[in-house]
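Peer 1: Pasting input_9.txt here (compact mmCIF, C-alpha atoms):
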```txt
# COMPACT_ATOMS: atom_id res chain seq x y z
CA MET A 261 0.00 0.00 0.00
CA ILE A 262 1.28 3.46 -0.91
CA LEU A 263 1.86 5.96 1.93
CA LEU A 264 0.56 3.50 4.52
CA HIS A 265 2.69 4.99 7.31
CA ARG A 266 2.60 8.66 6.28
CA ASN A 267 1.19 9.69 9.67
CA ASP A 268 2.92 7.01 11.73
CA GLY A 269 4.33 8.26 15.05
CA ARG A 270 7.79 7.07 13.99
CA CYS A 271 7.82 9.43 11.00
CA PRO A 272 9.57 12.78 11.50
CA ALA A 273 7.32 14.38 8.85
CA ARG A 274 4.09 13.14 10.42
CA GLY A 275 1.34 15.69 9.78
CA PHE A 276 3.65 17.95 7.73
CA TYR A 277 2.09 17.17 4.38
CA THR A 278 -1.63 17.88 4.56
CA TYR A 279 -1.37 16.38 1.16
CA TYR A 280 -4.48 17.34 -0.75
CA ASP A 281 -4.62 21.06 0.02
CA ALA A 282 -0.86 21.59 -0.20
CA PHE A 283 -0.63 19.53 -3.37
CA VAL A 284 -3.46 21.40 -5.14
CA THR A 285 -1.87 24.74 -4.25
CA ALA A 286 1.59 23.59 -5.38
CA ALA A 287 0.33 22.00 -8.60
CA GLY A 288 -1.61 25.14 -9.51
CA ALA A 289 1.69 27.03 -9.74
CA PHE A 290 2.81 24.85 -12.68
CA PRO A 291 0.33 25.27 -15.58
CA GLY A 292 1.55 22.25 -17.61
CA PHE A 293 1.58 19.80 -14.72
CA GLY A 294 -1.34 17.36 -14.81
CA THR A 295 -2.96 19.32 -17.65
CA THR A 296 -1.01 18.06 -20.67
CA GLY A 297 -2.51 15.47 -23.01
CA ASP A 298 -5.67 13.42 -22.74
CA ALA A 299 -7.30 12.33 -19.46
CA ASP A 300 -5.23 9.12 -19.24
CA THR A 301 -1.97 11.02 -19.80
CA ARG A 302 -2.87 13.58 -17.14
CA LYS A 303 -3.72 10.87 -14.60
CA ARG A 304 -0.55 8.95 -15.47
CA GLU A 305 1.57 12.04 -14.91
CA VAL A 306 0.11 12.84 -11.49
CA ALA A 307 0.46 9.20 -10.38
CA ALA A 308 4.02 8.88 -11.71
CA ARG A 309 5.16 12.10 -10.03
CA ARG A 310 3.64 11.01 -6.75
CA MET A 311 5.47 7.68 -6.97
CA HIS A 312 8.75 9.61 -7.08
CA GLU A 313 7.91 10.80 -3.57
CA THR A 314 7.23 7.39 -2.09
CA THR A 315 10.66 5.80 -2.01
CA ALA A 316 11.63 6.79 1.53
CA GLY A 317 12.68 4.07 3.89
CA GLY A 318 14.46 1.53 1.73
CA MET A 319 13.93 -2.13 1.04
CA GLY A 320 14.27 -3.35 4.64
CA ARG A 321 11.31 -1.38 5.99
CA PRO A 322 8.36 -3.32 7.41
CA THR A 323 5.46 -3.50 4.92
CA GLY A 324 7.75 -2.51 2.03
CA ARG A 325 9.70 0.48 0.82
CA TYR A 326 6.78 2.34 -0.75
CA ALA A 327 4.62 2.31 2.37
CA TRP A 328 6.91 4.86 4.07
CA GLY A 329 6.60 7.75 1.61
CA TYR A 330 6.27 11.21 3.18
CA CYS A 331 7.84 9.85 6.36
CA PHE A 332 10.86 12.14 6.06
CA LYS A 333 10.98 15.79 5.10
CA GLU A 334 14.75 16.14 5.32
CA GLU A 335 17.84 13.98 5.00
CA ASN A 336 19.25 12.59 8.23
CA GLY A 337 22.66 14.05 9.04
CA GLY A 338 22.64 16.23 5.95
CA ALA A 339 25.96 17.33 4.49
CA THR A 340 26.68 20.77 3.06
CA TYR A 341 26.16 19.85 -0.63
CA CYS A 342 27.74 23.08 -1.85
CA GLN A 343 29.34 23.24 -5.28
CA GLU A 344 31.31 26.33 -6.31
CA SER A 345 29.06 28.47 -8.49
CA THR A 346 28.91 32.11 -9.54
CA GLN A 347 25.30 31.73 -10.65
CA TRP A 348 24.02 29.89 -7.55
CA PRO A 349 26.57 30.71 -4.81
CA CYS A 350 26.27 29.03 -1.45
CA VAL A 351 25.36 31.26 1.46
CA PRO A 352 27.86 30.95 4.34
CA GLY A 353 26.53 28.68 7.06
CA LYS A 354 23.75 27.19 4.91
CA ARG A 355 23.56 23.53 3.92
CA TYR A 356 21.84 22.23 0.80
CA TYR A 357 21.15 18.65 1.81
CA GLY A 358 18.04 16.73 0.77
CA ARG A 359 14.75 18.26 1.85
CA GLY A 360 11.17 17.78 0.76
CA PRO A 361 9.39 14.81 -0.78
CA ILE A 362 12.06 14.32 -3.46
CA GLN A 363 14.95 15.36 -1.20
CA LEU A 364 16.01 18.42 -3.22
CA SER A 365 19.80 18.65 -2.87
CA TRP A 366 22.71 20.93 -3.85
CA ASN A 367 22.87 24.70 -4.28
CA TYR A 368 22.55 24.32 -8.06
CA ASN A 369 19.03 22.93 -7.50
CA TYR A 370 17.94 25.13 -4.57
CA GLY A 371 18.91 28.30 -6.45
CA PRO A 372 16.99 27.80 -9.70
CA ALA A 373 14.03 26.15 -7.96
CA GLY A 374 13.52 29.17 -5.73
CA ALA A 375 14.10 31.60 -8.60
CA THR A 376 11.23 30.22 -10.69
CA GLU A 377 8.05 32.25 -10.88
CA ALA A 378 6.16 29.31 -9.38
CA ILE A 379 8.18 29.41 -6.13
CA SER A 380 9.75 32.92 -5.98
CA VAL A 381 11.69 32.43 -2.74
CA ASP A 382 15.42 32.75 -2.12
CA LEU A 383 16.07 29.13 -1.23
CA LEU A 384 19.83 29.67 -1.24
CA SER A 385 19.43 31.96 1.79
CA ASP A 386 16.72 29.84 3.41
CA PRO A 387 17.00 26.20 2.29
CA ASP A 388 15.26 25.10 5.51
CA LEU A 389 12.01 26.56 4.13
CA VAL A 390 11.66 23.39 2.05
CA ALA A 391 11.33 21.44 5.33
CA ARG A 392 9.16 24.10 7.06
CA ASP A 393 6.51 24.92 4.44
CA ALA A 394 4.59 22.01 2.89
CA VAL A 395 3.49 24.02 -0.16
CA VAL A 396 7.04 25.18 -0.93
CA SER A 397 8.23 21.62 -0.32
CA LEU A 398 5.76 20.17 -2.82
CA LYS A 399 6.49 22.97 -5.29
CA THR A 400 10.17 21.99 -5.30
CA ALA A 401 9.16 18.41 -6.09
CA ILE A 402 6.98 19.53 -8.99
CA TRP A 403 9.69 21.94 -10.18
CA PHE A 404 12.18 19.06 -10.28
CA TRP A 405 9.64 16.95 -12.19
CA MET A 406 8.94 19.70 -14.75
CA THR A 407 12.53 20.89 -15.30
CA PRO A 408 15.01 19.23 -17.68
CA GLN A 409 18.35 18.47 -16.02
CA ALA A 410 20.88 18.31 -18.86
CA PRO A 411 21.48 15.91 -20.46
CA LYS A 412 18.17 14.43 -19.26
CA PRO A 413 14.73 15.61 -20.37
CA SER A 414 12.16 16.47 -17.74
CA SER A 415 10.08 13.65 -16.34
CA HIS A 416 7.04 15.68 -17.41
CA ASP A 417 8.15 15.67 -21.06
CA VAL A 418 8.86 11.94 -21.00
CA ILE A 419 5.63 10.84 -19.32
CA THR A 420 3.43 13.11 -21.47
CA GLY A 421 5.08 11.93 -24.70
CA GLN A 422 6.63 15.28 -25.59
CA TRP A 423 10.12 13.76 -25.57
CA ARG A 424 11.15 10.93 -27.82
CA ALA A 425 14.36 8.98 -27.90
CA LEU A 426 16.39 8.83 -31.07
CA ARG A 427 18.51 5.74 -31.12
CA ARG A 428 21.41 5.15 -33.45
CA ARG A 429 23.00 1.79 -33.19
CA ARG A 430 26.72 1.69 -33.66
CA GLY A 431 27.73 0.07 -36.94
CA ARG A 432 24.24 0.19 -38.41
CA GLY A 433 23.64 3.90 -38.91
CA ALA A 434 19.90 3.34 -38.59
CA ALA A 435 17.87 5.77 -36.51
CA ALA A 436 14.44 5.07 -35.10
CA GLY A 437 12.50 7.75 -33.26
CA ARG A 438 10.06 6.20 -30.83
CA PRO A 439 8.87 6.86 -27.29
CA PHE A 440 11.47 6.01 -24.67
CA GLY A 441 11.16 2.42 -23.50
CA SER A 442 8.81 1.34 -26.30
CA GLY A 443 9.37 -1.68 -28.45
CA SER A 444 12.11 -4.23 -28.22
CA GLY A 445 15.81 -3.62 -27.99
CA THR A 446 15.45 -0.32 -26.16
CA SER A 447 18.12 -1.00 -23.58
CA SER A 448 21.73 -0.45 -24.52
CA SER A 449 24.75 1.28 -23.10
CA PRO A 450 25.12 5.07 -23.37
CA VAL A 451 28.05 4.45 -25.72
CA GLN A 452 25.76 2.71 -28.19
CA SER A 453 22.93 5.23 -28.12
CA PHE A 454 22.14 8.88 -27.86
CA TYR A 455 18.89 10.66 -27.24
CA HIS A 456 17.41 14.01 -28.12
CA ALA A 457 14.17 15.84 -27.50
CA ASP A 458 11.77 16.37 -30.37
CA ALA A 459 10.72 20.01 -30.44
```
Can you turn what I pasted into structure tokens?

Peer 2:
Amino acid sequence: MILLHRNDGRCPARGFYTYYDAFVTAAGAFPGFGTTGDADTRKREVAARRMHETTAGGMGRPTGRYAWGYCFKEENGGATYCQESTQWPCVPGKRYYGRGPIQLSWNYNYGPAGATEAISVDLLSDPDLVARDAVVSLKTAIWFWMTPQAPKPSSHDVITGQWRALRRRRGRGAAAGRPFGSGSGTSSSPVQSFYHADA
């Protein structure tokens, strides 16, 4: 069962995510989220994004790894996670360890997430806000879902069919554009394949 222990007394985030209200508010800040494609595509996207938030706890947890989603709102013993950057400089004394339902990490994610119109908060100066405000926390999860992280496309573009893989097999020169993961022979090493987004 998904999120079975979300409000369990052993969960540090118990009661933090009043999921429905916070989720609706957060989702409303991202116009393409859950609104792209037909009804089945929209439902698939919302379900798939939610599943990315349910992996807390690990394989050894009682009742399975997915039952403990939303149990944690921040990484235990979080490190600094600061990478030198002129665009997204770390603020002295701040740490950019995993927070929120997807465990947003590193200054190069906190900076652009907070700078988006949908969030509009200086998360470099206040990364703890992701663990204090459920709406901001869920917005960072949706931001990560909606935003391409080079060289990867966004999860949104993949799940809604806006991104297609182009595969060229070494030695054959043949290219076949088809949705990622469709058909046979879709798994190969990165050396044998490359992908691009269809505009």

Peer 1: Out of A:Lys412, A:Arg274, A:Arg392, A:Arg424, which residue has the shortest atom-to-atom distance to Phe332 in chain A when counting only C-alpha atoms?

Peer 2: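 Among the listed residues, A:Arg274 lies closest to Phe332 in chain A.
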
Peer 1: By how many Å are CA of Leu384 in chain A and CA of Thr407 in chain A apart?

Peer 2: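 Computing the Euclidean distance for CA of Leu384 in chain A and CA of Thr407 in chain A yields 18.1 Å.
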
Peer 1: Do you have the CA of Gly421 in chain A-CA of Thr400 in chain A distance handy?

Peer 2: 22.4 Å

Peer 1: In Å, with one decimal, what is the gap from CA of Asp388 in chain A to CA of Arg359 in chain A?

Peer 2: 7.8 Å

Peer 1: Which is closer to Tyr356 in chain A than all the others in A:Thr376, A:Leu389, A:Gly329, A:Val284, using all atoms listed in the file?

Peer 2: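 The closest residue to Tyr356 in chain A is A:Leu389.
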
Peer 1: Using all atoms listed in the file, which of the listed residues (A:Arg310, A:Lys354, A:Lys303, A:His416) sits closest to Tyr280 in chain A?

Peer 2: A:Arg310

Peer 1: Which one of A:Glu377, A:Asp386, A:Asp393, A:Glu305 sits closest to Val351 in chain A if you count all atoms listed in the file?

Peer 2: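 Among the listed residues, the smallest separation from Val351 in chain A belongs to A:Asp386.
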
Peer 1: Of the candidates A:Gln409, A:Ser397, A:Ser345, A:Gln422, which one gets nearest to Asn367 in chain A if we count all atoms listed in the file?

Peer 2: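 Closest to Asn367 in chain A of all the choices is A:Ser345.
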
Peer 1: Residues within 12 Å of Tyr370 in chain A, please, as a ChimeraX atom specification. Count all atoms listed in the file; anything in the same chain fewer than 2 positions from it doesn't count.

Peer 2: /A:341-343,347-351,354-360,363-368,372-376,379-390,396-397,399-401,403-404

Peer 1: May I have the residues within 10 Å of Ala308 in chain A as an NGL selection string, using only C-alpha atoms and disregarding those fewer than 3 positions away in the same chain?

Peer 2: :A and (302-305 or 311-313 or 405 or 415-416 or 419)

Peer 1: Of the candidates A:Ala410, A:Ile402, A:Leu426, A:Pro352, which one gets nearest to Ala286 in chain A if we count all atoms listed in the file?

Peer 2: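 Smallest separation from Ala286 in chain A among the options: A:Ile402.
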
Peer 1: At a cut-off of 6 Å from (0.0, 14.1, -23.3) in the coordinates of the file, what residues are picked up using all atoms listed in the file, written as a ChimeraX atom specification?

Peer 2: /A:296-298,301,420-421
